[in-house]
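Enquirer: This is protein-v8.cif (mmCIF, C-alpha atoms).
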data_model
#
loop_
_atom_site.label_atom_id
_atom_site.label_comp_id
_atom_site.auth_asym_id
_atom_site.auth_seq_id
_atom_site.Cartn_x
_atom_site.Cartn_y
_atom_site.Cartn_z
CA MET O 1207 0.00 0.00 0.00
CA GLY O 1208 1.41 3.39 -0.95
CA VAL O 1209 1.88 5.74 1.98
CA PRO O 1210 1.71 9.51 1.26
CA VAL O 1211 4.51 10.67 3.55
CA PRO O 1212 6.48 13.90 3.00
CA ARG O 1213 8.77 13.75 -0.02
CA ILE O 1214 12.23 13.00 1.33
CA GLY O 1215 13.69 14.44 -1.88
CA LEU O 1216 11.89 17.74 -1.24
CA LEU O 1217 13.40 17.92 2.23
CA LEU O 1218 16.88 17.26 0.82
CA ALA O 1219 16.31 19.97 -1.79
CA LEU O 1220 15.34 22.43 0.94
CA LEU O 1221 18.53 21.56 2.80
CA LEU O 1222 20.74 22.12 -0.21
CA THR O 1223 18.94 25.36 -1.12
CA ALA O 1224 19.31 26.67 2.41
CA SER O 1225 22.97 25.71 2.49
CA GLY O 1226 23.72 28.02 -0.40
CA ALA O 1227 22.40 30.99 1.55
CA ARG O 1228 23.81 30.28 4.98
CA ALA O 1229 27.23 30.80 6.46
CA GLN O 1230 28.89 28.25 8.70
CA THR O 1231 27.26 25.39 6.82
CA ASP O 1232 28.36 21.86 7.63
CA LEU O 1233 26.69 19.31 5.38
CA PHE O 1234 29.00 16.29 5.52
CA GLY O 1235 31.50 16.95 8.29
CA PRO O 1236 32.47 14.23 10.77
CA ASP O 1237 29.91 15.49 13.27
CA THR O 1238 27.00 15.23 10.82
CA LEU O 1239 27.10 11.52 9.99
CA HIS O 1240 26.42 8.79 12.54
CA GLY O 1241 25.83 5.09 12.12
CA LEU O 1242 24.84 2.05 14.14
CA ALA O 1243 25.14 -1.70 13.48
CA ASP O 1244 23.56 -4.32 15.75
CA ILE O 1245 24.72 -7.95 15.36
CA ARG O 1246 22.77 -10.12 17.78
CA LEU O 1247 22.81 -13.61 19.26
CA THR O 1248 19.35 -14.58 20.53
CA SER O 1249 17.88 -17.48 22.49
CA GLY O 1250 14.24 -17.50 23.53
CA ASP O 1251 11.06 -19.47 23.95
CA GLY O 1252 7.33 -18.88 23.86
CA GLU O 1253 4.72 -18.26 21.20
CA ARG O 1254 5.12 -17.00 17.64
CA GLY O 1255 6.34 -13.40 17.64
CA PHE O 1256 4.20 -10.47 16.53
CA LEU O 1257 6.62 -9.72 13.68
CA ALA O 1258 5.57 -13.09 12.25
CA GLY O 1259 1.85 -12.44 12.70
CA GLY O 1260 1.51 -13.88 16.20
CA PHE O 1261 0.71 -12.53 19.65
CA GLY O 1262 4.33 -12.73 20.92
CA LYS O 1263 5.45 -10.00 23.31
CA THR O 1264 9.07 -9.68 22.19
CA GLY O 1265 10.76 -8.80 18.91
CA ARG O 1266 12.34 -12.24 18.61
CA THR O 1267 11.77 -13.85 15.21
CA ASP O 1268 14.24 -16.74 15.53
CA ASN O 1269 17.07 -18.05 17.69
CA GLY O 1270 20.69 -17.76 16.63
CA LEU O 1271 23.00 -15.14 15.17
CA SER O 1272 21.55 -12.39 12.99
CA LEU O 1273 21.94 -8.82 11.82
CA GLN O 1274 19.31 -6.93 13.78
CA ASP O 1275 19.76 -3.37 12.60
CA LEU O 1276 21.78 -1.04 10.40
CA ALA O 1277 21.07 2.66 10.86
CA LEU O 1278 22.51 5.79 9.28
CA GLU O 1279 21.75 9.26 10.59
CA TRP O 1280 22.60 12.53 8.83
CA LYS O 1281 22.45 15.75 10.88
CA PRO O 1282 23.59 18.65 8.67
CA HIS O 1283 23.95 22.18 10.06
CA LEU O 1284 22.95 25.16 7.95
CA GLY O 1285 24.18 27.92 10.20
CA PHE O 1286 22.86 28.85 13.63
CA ALA O 1287 19.16 28.78 12.82
CA VAL O 1288 18.65 25.76 10.56
CA SER O 1289 19.62 22.11 10.89
CA ALA O 1290 18.06 18.77 10.01
CA VAL O 1291 17.84 15.12 10.91
CA VAL O 1292 17.51 12.42 8.24
CA SER O 1293 17.84 8.77 9.23
CA ALA O 1294 17.33 5.45 7.50
CA ASP O 1295 17.10 1.94 8.94
CA TYR O 1296 17.76 -1.52 7.59
CA GLN O 1297 15.82 -3.93 9.83
CA PRO O 1298 15.62 -7.43 8.26
CA GLN O 1299 12.67 -8.41 10.46
CA LEU O 1300 10.41 -5.65 9.03
CA THR O 1301 8.61 -5.11 5.73
CA PRO O 1302 10.14 -3.30 3.93
CA ARG O 1303 13.57 -4.02 5.31
CA LEU O 1304 15.06 -0.67 4.29
CA ASP O 1305 13.08 2.47 5.07
CA TRP O 1306 13.24 6.07 6.21
CA ASN O 1307 13.16 6.42 9.98
CA GLU O 1308 12.89 10.19 10.55
CA ALA O 1309 13.32 13.18 8.25
CA TYR O 1310 12.75 16.72 9.51
CA LEU O 1311 14.07 20.27 9.47
CA LYS O 1312 14.87 22.02 12.76
CA LEU O 1313 14.57 25.79 13.15
CA LYS O 1314 15.97 27.74 16.08
CA ALA O 1315 15.29 31.41 16.80
CA PRO O 1316 17.92 33.68 18.37
CA PRO O 1317 17.72 33.93 22.19
CA SER O 1318 15.27 36.56 23.41
CA ARG O 1319 13.63 37.78 26.60
CA LEU O 1320 10.72 35.49 25.79
CA GLY O 1321 13.00 32.46 25.99
CA ARG O 1322 14.43 29.94 23.56
CA VAL O 1323 12.11 29.12 20.64
CA GLN O 1324 12.64 26.26 18.25
CA GLY O 1325 10.61 24.05 15.97
CA ARG O 1326 10.70 21.22 13.48
CA PHE O 1327 8.62 19.87 10.63
CA GLY O 1328 8.66 16.62 8.73
CA LEU O 1329 8.48 12.95 9.76
CA PHE O 1330 9.40 12.27 13.39
CA TYR O 1331 8.48 10.73 16.72
CA PRO O 1332 6.62 12.97 19.18
CA PRO O 1333 8.63 13.73 22.36
CA VAL O 1334 7.28 10.89 24.52
CA SER O 1335 10.09 8.37 25.01
CA MET O 1336 12.70 8.94 27.71
CA GLU O 1337 14.69 5.87 26.62
CA HIS O 1338 15.50 6.50 22.95
CA GLU O 1339 18.44 8.88 23.14
CA GLY O 1340 20.82 7.08 20.76
CA VAL O 1341 21.55 7.21 17.04
CA ALA O 1342 18.43 7.10 14.84
CA TRP O 1343 16.05 7.04 17.84
CA SER O 1344 17.67 3.97 19.40
CA ASP O 1345 18.06 2.94 23.05
CA PRO O 1346 21.81 3.04 23.79
CA ASP O 1347 21.69 0.97 26.99
CA MET O 1348 19.15 -1.84 26.46
CA LEU O 1349 18.03 -4.14 23.64
CA SER O 1350 14.34 -3.84 24.43
CA ALA O 1351 12.46 -0.69 25.28
CA SER O 1352 9.66 -0.50 27.82
CA ALA O 1353 6.14 -1.47 26.72
CA ILE O 1354 5.22 2.22 26.52
CA ASN O 1355 8.08 3.28 24.29
CA SER O 1356 8.03 0.09 22.22
CA TRP O 1357 4.48 1.05 21.27
CA ILE O 1358 5.54 4.62 20.49
CA GLY O 1359 8.21 3.11 18.23
CA GLU O 1360 5.58 0.96 16.49
CA GLU O 1361 2.52 3.15 16.04
CA VAL O 1362 3.09 6.76 17.10
CA LYS O 1363 5.18 8.32 14.34
CA VAL O 1364 3.78 11.56 12.92
CA THR O 1365 4.19 13.89 9.98
CA GLY O 1366 3.68 17.45 11.09
CA VAL O 1367 4.91 20.67 12.67
CA GLU O 1368 6.17 21.14 16.23
CA ALA O 1369 7.16 24.26 18.18
CA SER O 1370 8.60 24.63 21.66
CA LEU O 1371 9.44 27.45 24.05
CA THR O 1372 11.97 27.08 26.86
CA ARG O 1373 12.03 29.72 29.58
CA SER O 1374 13.91 30.14 32.83
CA LEU O 1375 11.84 31.09 35.86
CA GLY O 1376 14.41 31.87 38.50
CA ALA O 1377 16.34 28.65 39.09
CA HIS O 1378 13.65 26.62 37.31
CA GLU O 1379 13.44 25.83 33.61
CA VAL O 1380 10.13 25.12 31.87
CA THR O 1381 9.61 23.95 28.28
CA ALA O 1382 6.21 23.98 26.54
CA THR O 1383 5.88 22.02 23.28
CA GLY O 1384 2.98 21.68 20.88
CA GLY O 1385 2.54 19.80 17.62
CA VAL O 1386 -0.03 19.42 14.84
CA PHE O 1387 0.26 16.39 12.59
CA GLY O 1388 -1.26 13.87 10.18
CA TRP O 1389 -0.39 10.43 8.79
CA ASN O 1390 -0.95 8.64 12.10
CA ASP O 1391 -4.59 7.58 11.76
CA THR O 1392 -4.09 3.85 12.37
CA ALA O 1393 -2.40 4.29 15.77
CA GLY O 1394 -4.11 1.83 18.11
CA THR O 1395 -4.57 -1.05 15.65
CA LEU O 1396 -1.60 -3.12 16.75
CA LEU O 1397 -2.08 -2.24 20.42
CA THR O 1398 -5.70 -3.44 20.28
CA PHE O 1399 -5.36 -6.67 18.31
CA ARG O 1400 -1.93 -7.79 19.54
CA GLY O 1401 -1.59 -5.90 22.81
CA TRP O 1402 1.58 -4.54 24.38
CA ALA O 1403 5.08 -5.76 23.47
CA LEU O 1404 8.70 -5.02 24.43
CA HIS O 1405 11.40 -4.77 21.76
CA GLY O 1406 13.73 -2.45 19.84
CA VAL O 1407 11.81 -2.21 16.56
CA ARG O 1408 11.38 1.23 14.97
CA THR O 1409 8.68 1.65 12.35
CA GLY O 1410 9.62 3.28 9.08
CA ALA O 1411 7.68 5.54 6.73
CA HIS O 1412 6.30 2.52 4.82
CA THR O 1413 6.32 -0.25 7.46
CA GLU O 1414 3.52 -2.79 7.48
CA PHE O 1415 2.85 -5.09 10.43
CA ALA O 1416 1.01 -8.40 10.06
CA LEU O 1417 -1.78 -8.66 12.62
CA PRO O 1418 -2.32 -11.82 14.68
CA PRO O 1419 -5.43 -13.96 14.04
CA LEU O 1420 -8.58 -11.85 14.43
CA SER O 1421 -12.02 -12.78 15.73
CA ALA O 1422 -14.71 -14.01 13.33
CA PHE O 1423 -16.44 -10.65 13.82
CA MET O 1424 -13.38 -8.55 12.95
CA THR O 1425 -11.88 -10.69 10.15
CA PRO O 1426 -14.13 -9.34 7.33
CA ARG O 1427 -13.80 -5.75 8.58
CA GLN O 1428 -10.09 -5.27 9.33
CA ASP O 1429 -7.25 -5.95 6.89
CA GLU O 1430 -4.69 -8.55 8.00
CA ASP O 1431 -1.94 -5.89 7.93
CA THR O 1432 -1.66 -2.44 9.49
CA TYR O 1433 0.33 0.59 8.30
CA PRO O 1434 1.31 3.01 11.10
CA VAL O 1435 2.15 5.97 8.84
CA LEU O 1436 -1.12 6.51 7.01
CA GLU O 1437 -3.59 9.35 6.43
CA LEU O 1438 -7.24 8.34 5.96
CA ASP O 1439 -9.61 11.04 7.21
CA GLY O 1440 -7.94 14.38 6.41
CA ARG O 1441 -8.27 15.48 10.04
CA PRO O 1442 -5.22 16.77 11.97
CA GLY O 1443 -4.10 15.43 15.31
CA TYR O 1444 -2.25 17.33 18.00
CA TYR O 1445 -0.12 16.92 21.12
CA GLY O 1446 1.12 19.12 23.92
CA ARG O 1447 3.96 18.63 26.36
CA LEU O 1448 5.25 20.38 29.48
CA GLU O 1449 8.67 19.73 30.98
CA TRP O 1450 9.89 21.10 34.29
CA ARG O 1451 13.51 21.12 35.45
CA PRO O 1452 13.67 22.40 39.05
CA PRO O 1453 16.94 23.35 40.81
CA ALA O 1454 17.53 19.68 41.63
CA PRO O 1455 18.71 16.62 39.64
CA VAL O 1456 15.11 15.92 38.58
CA VAL O 1457 13.16 16.20 35.31
CA LEU O 1458 9.35 15.94 35.20
CA ASN O 1459 7.17 15.94 32.07
CA ALA O 1460 3.61 15.41 30.91
CA THR O 1461 2.42 14.78 27.33
CA PHE O 1462 -1.12 14.63 25.93
CA TYR O 1463 -1.62 13.17 22.44
CA ASP O 1464 -4.78 12.96 20.31
CA ASN O 1465 -4.58 11.78 16.71
CA GLY O 1466 -7.95 13.37 15.93
CA GLY O 1467 -9.06 10.19 14.18
CA ASN O 1468 -12.51 9.80 12.62
CA ARG O 1469 -13.19 6.24 13.74
CA THR O 1470 -15.51 5.47 10.80
CA ALA O 1471 -13.13 6.62 8.03
CA VAL O 1472 -11.88 3.59 6.10
CA ARG O 1473 -9.97 2.72 2.94
CA ASP O 1474 -9.06 -0.81 1.87
CA HIS O 1475 -10.03 -2.10 5.34
CA GLN O 1476 -7.58 0.32 6.95
CA TRP O 1477 -9.43 2.36 9.60
CA ALA O 1478 -8.79 5.74 11.16
CA TRP O 1479 -8.71 5.03 14.90
CA GLU O 1480 -9.70 7.61 17.50
CA THR O 1481 -6.69 7.40 19.82
CA ARG O 1482 -5.59 9.61 22.70
CA PHE O 1483 -3.35 9.21 25.74
CA LEU O 1484 -1.69 11.02 28.62
CA ASN O 1485 1.93 10.18 29.46
CA LEU O 1486 3.75 11.22 32.64
CA GLY O 1487 7.52 10.92 32.99
CA ALA O 1488 10.11 11.48 35.72
CA ARG O 1489 13.89 11.15 35.94
CA TRP O 1490 15.98 11.47 39.09
CA ASP O 1491 19.79 11.44 39.03
CA VAL O 1492 20.26 9.99 42.49
CA SER O 1493 24.01 10.41 42.22
CA GLU O 1494 26.66 10.78 39.52
CA THR O 1495 26.38 7.06 38.80
CA VAL O 1496 22.77 6.14 39.68
CA ARG O 1497 19.61 7.13 37.80
CA LEU O 1498 15.97 6.32 38.51
CA GLN O 1499 13.43 6.80 35.74
CA ALA O 1500 9.71 6.12 35.29
CA GLN O 1501 6.88 6.65 32.83
CA ALA O 1502 3.15 5.98 33.08
CA LEU O 1503 0.74 6.12 30.14
CA ASN O 1504 -3.05 5.94 30.15
CA GLY O 1505 -5.25 6.19 27.06
CA GLU O 1506 -8.04 4.87 24.89
CA THR O 1507 -8.65 3.95 21.26
CA LEU O 1508 -11.93 3.50 19.36
CA MET O 1509 -12.73 2.25 15.86
CA GLY O 1510 -15.73 1.45 13.68
CA PHE O 1511 -19.49 1.84 13.73
CA LYS O 1512 -21.99 0.88 16.40
CA ARG O 1513 -23.47 -2.60 16.73
CA LYS O 1514 -26.50 -2.82 18.99
CA GLY O 1515 -25.48 0.46 20.59
CA GLU O 1516 -21.82 -0.49 21.12
CA ILE O 1517 -18.82 0.68 19.08
CA TRP O 1518 -16.96 -2.13 17.35
CA VAL O 1519 -13.72 -1.39 19.23
CA ASP O 1520 -13.58 0.63 22.44
CA VAL O 1521 -10.55 -0.17 24.59
CA GLY O 1522 -8.67 1.55 27.36
CA PHE O 1523 -4.97 0.90 27.74
CA ARG O 1524 -2.36 1.70 30.33
CA SER O 1525 1.22 0.84 31.17
CA ALA O 1526 4.01 1.95 33.48
CA TYR O 1527 7.65 1.10 34.07
CA LEU O 1528 10.37 1.79 36.59
CA LEU O 1529 13.99 1.81 35.40
CA LEU O 1530 17.08 1.78 37.62
CA GLN O 1531 20.48 2.35 36.05
CA LYS O 1532 23.94 2.16 37.60
CA ARG O 1533 27.09 3.31 35.84
CA VAL O 1534 30.13 1.18 36.67
CA GLY O 1535 33.20 2.79 35.15
CA GLU O 1536 32.34 3.04 31.45
CA ASP O 1537 29.72 0.28 31.69
CA MET O 1538 25.99 0.58 32.38
CA VAL O 1539 23.78 -1.87 34.27
CA SER O 1540 20.01 -1.42 33.79
CA ALA O 1541 17.05 -3.08 35.50
CA ARG O 1542 13.47 -2.38 34.42
CA LEU O 1543 10.05 -3.56 35.62
CA ASP O 1544 6.94 -3.07 33.43
CA ALA O 1545 3.22 -3.55 34.02
CA PHE O 1546 0.61 -3.26 31.25
CA GLU O 1547 -3.10 -3.69 30.61
CA VAL O 1548 -5.70 -3.44 27.84
CA ASN O 1549 -9.33 -3.15 28.93
CA ASP O 1550 -11.89 -4.04 26.25
CA ARG O 1551 -15.06 -2.08 27.03
CA THR O 1552 -17.38 -3.41 24.33
CA LEU O 1553 -18.48 -6.55 22.40
CA GLN O 1554 -16.39 -8.87 24.56
CA ALA O 1555 -18.59 -11.85 23.74
CA ILE O 1556 -17.53 -11.78 20.07
CA ASP O 1557 -14.25 -9.80 20.02
CA ASN O 1558 -12.39 -9.83 23.34
CA ASN O 1559 -9.18 -7.77 23.38
CA ASP O 1560 -8.56 -7.74 27.14
CA GLU O 1561 -4.97 -8.13 28.34
CA THR O 1562 -2.95 -7.99 31.56
CA GLY O 1563 0.74 -8.62 32.02
CA TRP O 1564 4.12 -7.66 33.40
CA ALA O 1565 7.75 -7.84 32.32
CA ALA O 1566 11.20 -7.69 33.88
CA ALA O 1567 14.47 -6.92 32.08
CA LEU O 1568 18.11 -6.83 33.16
CA ALA O 1569 20.83 -5.50 30.83
CA TRP O 1570 24.57 -4.84 30.92
CA ARG O 1571 26.28 -2.58 28.39
CA HIS O 1572 30.03 -3.18 28.34
CA ARG O 1573 32.20 -0.68 26.48
CA LEU O 1574 34.76 -2.41 24.26
CA SER O 1575 36.12 0.70 22.53
CA PRO O 1576 34.97 4.21 21.63
CA HIS O 1577 33.00 2.70 18.73
CA ALA O 1578 31.98 -0.73 20.02
CA ALA O 1579 29.94 -2.09 22.90
CA LEU O 1580 28.61 -5.47 23.98
CA VAL O 1581 25.03 -5.34 25.30
CA THR O 1582 23.58 -8.39 27.02
CA GLU O 1583 19.95 -8.54 28.17
CA ALA O 1584 17.55 -11.01 29.76
CA LEU O 1585 13.83 -10.27 29.30
CA HIS O 1586 10.88 -12.16 30.80
CA VAL O 1587 7.26 -11.36 29.89
CA THR O 1588 4.10 -12.86 31.43
CA SER O 1589 0.69 -12.02 29.96
CA ASP O 1590 -2.93 -13.14 29.80
CA ARG O 1591 -4.88 -12.43 26.61
CA PRO O 1592 -8.18 -14.23 25.78
CA SER O 1593 -7.93 -13.40 22.05
CA ARG O 1594 -5.03 -15.84 21.71
CA ALA O 1595 -7.77 -18.44 21.38
CA TYR O 1596 -8.47 -17.04 17.88
CA GLY O 1597 -5.05 -18.44 16.91
CA ARG O 1598 -5.51 -21.63 18.97
CA VAL O 1599 -2.99 -20.52 21.57
CA ALA O 1600 -3.47 -20.68 25.34
CA PRO O 1601 -4.52 -17.29 26.79
CA HIS O 1602 -1.73 -17.34 29.41
CA GLN O 1603 1.80 -17.16 28.03
CA ASP O 1604 5.31 -16.78 29.47
CA GLN O 1605 8.23 -15.74 27.31
CA THR O 1606 11.91 -15.46 28.17
CA VAL O 1607 14.52 -14.08 25.77
CA VAL O 1608 18.26 -13.78 26.37
CA GLN O 1609 20.16 -11.67 23.85
CA SER O 1610 23.67 -10.42 23.39
CA ALA O 1611 24.46 -7.76 20.80
CA LEU O 1612 27.66 -6.38 19.39
CA ARG O 1613 26.89 -2.74 18.69
CA LEU O 1614 29.21 -0.82 16.38
CA SER O 1615 28.87 2.92 15.99
CA PHE O 1616 30.57 5.94 14.48
#
Would you mind writing the file out in structure tokens?
Expert:
Amino acid sequence: MGVPVPRIGLLLALLLTASGARAQTDLFGPDTLHGLADIRLTSGDGERGFLAGGFGKTGRTDNGLSLQDLALEWKPHLGFAVSAVVSADYQPQLTPRLDWNEAYLKLKAPPSRLGRVQGRFGLFYPPVSMEHEGVAWSDPDMLSASAINSWIGEEVKVTGVEASLTRSLGAHEVTATGGVFGWNDTAGTLLTFRGWALHGVRTGAHTEFALPPLSAFMTPRQDEDTYPVLELDGRPGYYGRLEWRPPAPVVLNATFYDNGGNRTAVRDHQWAWETRFLNLGARWDVSETVRLQAQALNGETLMGFKRKGEIWVDVGFRSAYLLLQKRVGEDMVSARLDAFEVNDRTLQAIDNNDETGWAAALAWRHRLSPHAALVTEALHVTSDRPSRAYGRVAPHQDQTVVQSALRLSF
């Protein structure tokens, strides 16, 4: 299915045009190009993974040695006011394997009494995740993200415009961010029919995910695949975010997102879902070597017409995690605990999408050289999901995955 995302070539043309008119331009200097390669050895058990059309809660597709990811990120500078981010990913487990990850221009106004103003427009992830701080929106310390940010990586990529204002209030710093976007109408599809998952997958501009077996009611209505970057109803979505940095080693933030979806808009059995959520985040640097971090997300997603007074899909979802990290020399040890839930509020007798579960992960990132690291992680996920019966799988499942990755970067 063709996906009408912003023309990457147009963005590149804007960059080159701007570079001709700006001083202090750096298009291809050593600080503008960054890359990441992930070669992984995996051993795990449990049901068929969601990347293979199952209900599995991890990104594991097979055991053994494999190339997990190749990413290239270009961050040209066009003077003080204009810069850009363009990244591409090769992920063999996705369809298509090679795709654009993010592509956007960044604009920064000169400092003023109002504060620091900046913006961006293009294809990007909204500012929700507190874990993905590496090259090409990757997690530098763990192989799997939390359930919250794994879902952001799957289904919450937008094409739009964002602006932010950062202002100092005495010893405090406050940043307000707002965005208007499109091409994210199907957000909620995978979360509803598969549920939560924990992995390192990052959706591209044209990614398609195979859905697990659907109920007899939903099979003739919903396509067997879902496309996260898709515009169906012509209605914009929006998000707002507040971040507070007090005079202490603490960061607090809150984000509200609403994709503005018209839940009855449909094309080729791809539906515009009505999806919204509130995310709260906190980070506390306990010491120079210890960090405590948490996020909690609560939302809902609706799709389809009414049947006997009830909407086809009406689910609430929520998840939270607590992450503890300890730096040991140049190494990092991370421990994370997740809890997640999907609450189906309608038509449970014929299409039950309820889910409860939890996960625990322990990871060690060992620095081998300035451009190489060995990351080892053990992940265990326990979940109950009645809809597994549609694929003749027991509702209760336990999965354990142990992975070790050689990560090369430049």
Enquirer: Please report as CSV every residue of region 1494-1528 of chain O lying within 6 Å of region 1467-1489 of chain O, along with the nearest atom pair and their distance in Å (one decimal), using all atoms listed in the file.
Expert:
residue,atom,partner,partner_atom,distance
O:Leu1498,CA,O:Arg1489,CA,5.9
O:Gln1499,CA,O:Arg1489,CA,4.4
O:Ala1500,CA,O:Ala1488,CA,5.4
O:Gln1501,CA,O:Gly1487,CA,4.3
O:Ala1502,CA,O:Leu1486,CA,5.3
O:Leu1503,CA,O:Asn1485,CA,4.3
O:Asn1504,CA,O:Leu1484,CA,5.5
O:Gly1505,CA,O:Phe1483,CA,3.8
O:Glu1506,CA,O:Arg1482,CA,5.8
O:Thr1507,CA,O:Thr1481,CA,4.2
O:Leu1508,CA,O:Glu1480,CA,5.0
O:Met1509,CA,O:Arg1469,CA,4.5
O:Gly1510,CA,O:Thr1470,CA,5.0
Enquirer: Which residues would end up in the selection if the PyMOL selection byres ((chain O and resi 1556-1572) around 8) were applied here, given that I need the answer as an MDAnalysis selection string?
Expert: chainID O and resid 1347:1349 1398:1399 1401 1421:1424 1521 1536:1550 1553:1555 1573:1574 1579:1593
Enquirer: State, in Å with one decimal place, the distance from CA of Thr1432 (chain O) to CA of Thr1395 (chain O).
Expert: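 Between CA of Thr1432 (chain O) and CA of Thr1395 (chain O) the gap is 7.0 Å.
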Enquirer: Please indicate the distance in Å from CA of Arg1266 (chain O) to CA of Leu1247 (chain O), rounded to one decimal place.
Expert: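 Straight-line distance from CA of Arg1266 (chain O) to CA of Leu1247 (chain O) works out to 10.6 Å.
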Enquirer: Take CA of Leu1438 (chain O) and CA of Ala1277 (chain O) and report the distance between them in Å, one decimal.
Expert: 29.3 Å
Enquirer: Counting only C-alpha atoms, which residue out of O:Leu1273, O:Ala1258, O:Val1380, O:Val1435 sits closest to Asn1307 (chain O)?
Expert: O:Val1435
Enquirer: Between O:Asp1305, O:Leu1458, O:Ser1352, O:His1338, single out the one closest to Ser1525 (chain O), counting all atoms listed in the file.
Expert: O:Ser1352
Enquirer: Which residues match the PyMOL selection byres ((chain O and resi 1403) around 7) in the file above, as a list in words?
Expert: Lys1263, Thr1264, Ala1353, Ser1356, Gly1401, Trp1402, Leu1404 and His1405 of chain O
Enquirer: Would you give me, as JSON lines, each residue of region 1444-1497 of chain O having an atom within 10 Å of an atom of region 1358-1370 of chain O, along with its shortest atom pair and that distance in Å to one decimal, using only C-alpha atoms and sorting by chain and residue number?
Expert:
{"residue": "O:Tyr1444", "atom": "CA", "partner": "O:Gly1366", "partner_atom": "CA", "distance": 9.1}
{"residue": "O:Tyr1445", "atom": "CA", "partner": "O:Glu1368", "partner_atom": "CA", "distance": 9.0}
{"residue": "O:Gly1446", "atom": "CA", "partner": "O:Glu1368", "partner_atom": "CA", "distance": 9.4}
{"residue": "O:Arg1447", "atom": "CA", "partner": "O:Ser1370", "partner_atom": "CA", "distance": 8.9}
{"residue": "O:Leu1448", "atom": "CA", "partner": "O:Ser1370", "partner_atom": "CA", "distance": 9.5}
{"residue": "O:Tyr1463", "atom": "CA", "partner": "O:Val1362", "partner_atom": "CA", "distance": 9.6}
{"residue": "O:Asn1465", "atom": "CA", "partner": "O:Val1362", "partner_atom": "CA", "distance": 9.2}
Enquirer: Mind listing as an MDAnalysis selection string all residues within 6 Å of (14.5, 17.9, 7.0), counting only C-alpha atoms?
Expert: chainID O and resid 1217 1290:1291 1309:1311
Enquirer: Of the residues O:Asp1391, O:Asp1464, O:Asp1345, O:Glu1253, which is the one nearest to Glu1437 (chain O), using all atoms listed in the file?
Expert: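 Using all atoms listed in the file, the shortest distance to Glu1437 (chain O) belongs to O:Asp1391.
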Enquirer: Let me make sure I understand: among O:Asp1244, O:Asp1439, O:Glu1449, O:Asp1232, which one has the smallest atom-to-atom distance to Ala1578 (chain O) if we use all atoms listed in the file?
Expert: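 Checking each of O:Asp1244, O:Asp1439, O:Glu1449, O:Asp1232 against Ala1578 (chain O), counting all atoms listed in the file, the winner is O:Asp1244.
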Enquirer: Find, counting only C-alpha atoms, the residue in O:Gly1410, O:Gly1340, O:Gly1535, O:Pro1333 that gets nearest to Thr1461 (chain O).
Expert: O:Pro1333
Enquirer: Specify as an mmCIF file with C-alpha atoms, in the coordinates of the input each residue included when the PyMOL selection byres ((chain O and resi 1342) around 8) is applied to this file.
Expert:
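Resulting contents of out19.cif:
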data_model
loop_
_atom_site.group_PDB
_atom_site.id
_atom_site.type_symbol
_atom_site.label_atom_id
_atom_site.label_comp_id
_atom_site.auth_asym_id
_atom_site.auth_seq_id
_atom_site.Cartn_x
_atom_site.Cartn_y
_atom_site.Cartn_z
ATOM 1 C CA ALA O 1277 21.070 2.660 10.860
ATOM 2 C CA LEU O 1278 22.510 5.790 9.280
ATOM 3 C CA GLU O 1279 21.750 9.260 10.590
ATOM 4 C CA SER O 1293 17.840 8.770 9.230
ATOM 5 C CA ALA O 1294 17.330 5.450 7.500
ATOM 6 C CA ASP O 1295 17.100 1.940 8.940
ATOM 7 C CA ASN O 1307 13.160 6.420 9.980
ATOM 8 C CA GLU O 1308 12.890 10.190 10.550
ATOM 9 C CA GLY O 1340 20.820 7.080 20.760
ATOM 10 C CA VAL O 1341 21.550 7.210 17.040
ATOM 11 C CA TRP O 1343 16.050 7.040 17.840
ATOM 12 C CA SER O 1344 17.670 3.970 19.400
#
Enquirer: In terms of the shortest atom-to-atom distance over only C-alpha atoms, which of O:Leu1304, O:Ile1245, O:Phe1327, O:Arg1254 is closest to Gln1603 (chain O)?
Expert: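 Comparing O:Leu1304, O:Ile1245, O:Phe1327, O:Arg1254 against Gln1603 (chain O), the winner is O:Arg1254.
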Enquirer: Within 12 Å of region 1604-1610 of chain O, which residues of region 1256-1276 of chain O show up? Give each one with its shortest atom-to-atom distance in Å (one decimal) and the two atoms involved, counting only C-alpha atoms, rows by chain then rising residue number, as a Markdown table.
Expert:
| residue | atom | partner | partner_atom | distance |
| --- | --- | --- | --- | --- |
| O:Phe1261 | CA | O:Gln1605 | CA | 11.2 |
| O:Gly1262 | CA | O:Gln1605 | CA | 8.1 |
| O:Lys1263 | CA | O:Gln1605 | CA | 7.5 |
| O:Thr1264 | CA | O:Val1607 | CA | 7.9 |
| O:Gly1265 | CA | O:Val1607 | CA | 9.4 |
| O:Arg1266 | CA | O:Val1607 | CA | 7.7 |
| O:Thr1267 | CA | O:Val1607 | CA | 10.9 |
| O:Asp1268 | CA | O:Val1607 | CA | 10.6 |
| O:Asn1269 | CA | O:Val1607 | CA | 9.4 |
| O:Gly1270 | CA | O:Gln1609 | CA | 9.5 |
| O:Leu1271 | CA | O:Ser1610 | CA | 9.5 |
| O:Ser1272 | CA | O:Ser1610 | CA | 10.8 |
| O:Leu1273 | CA | O:Ser1610 | CA | 11.8 |
| O:Gln1274 | CA | O:Ser1610 | CA | 11.1 |
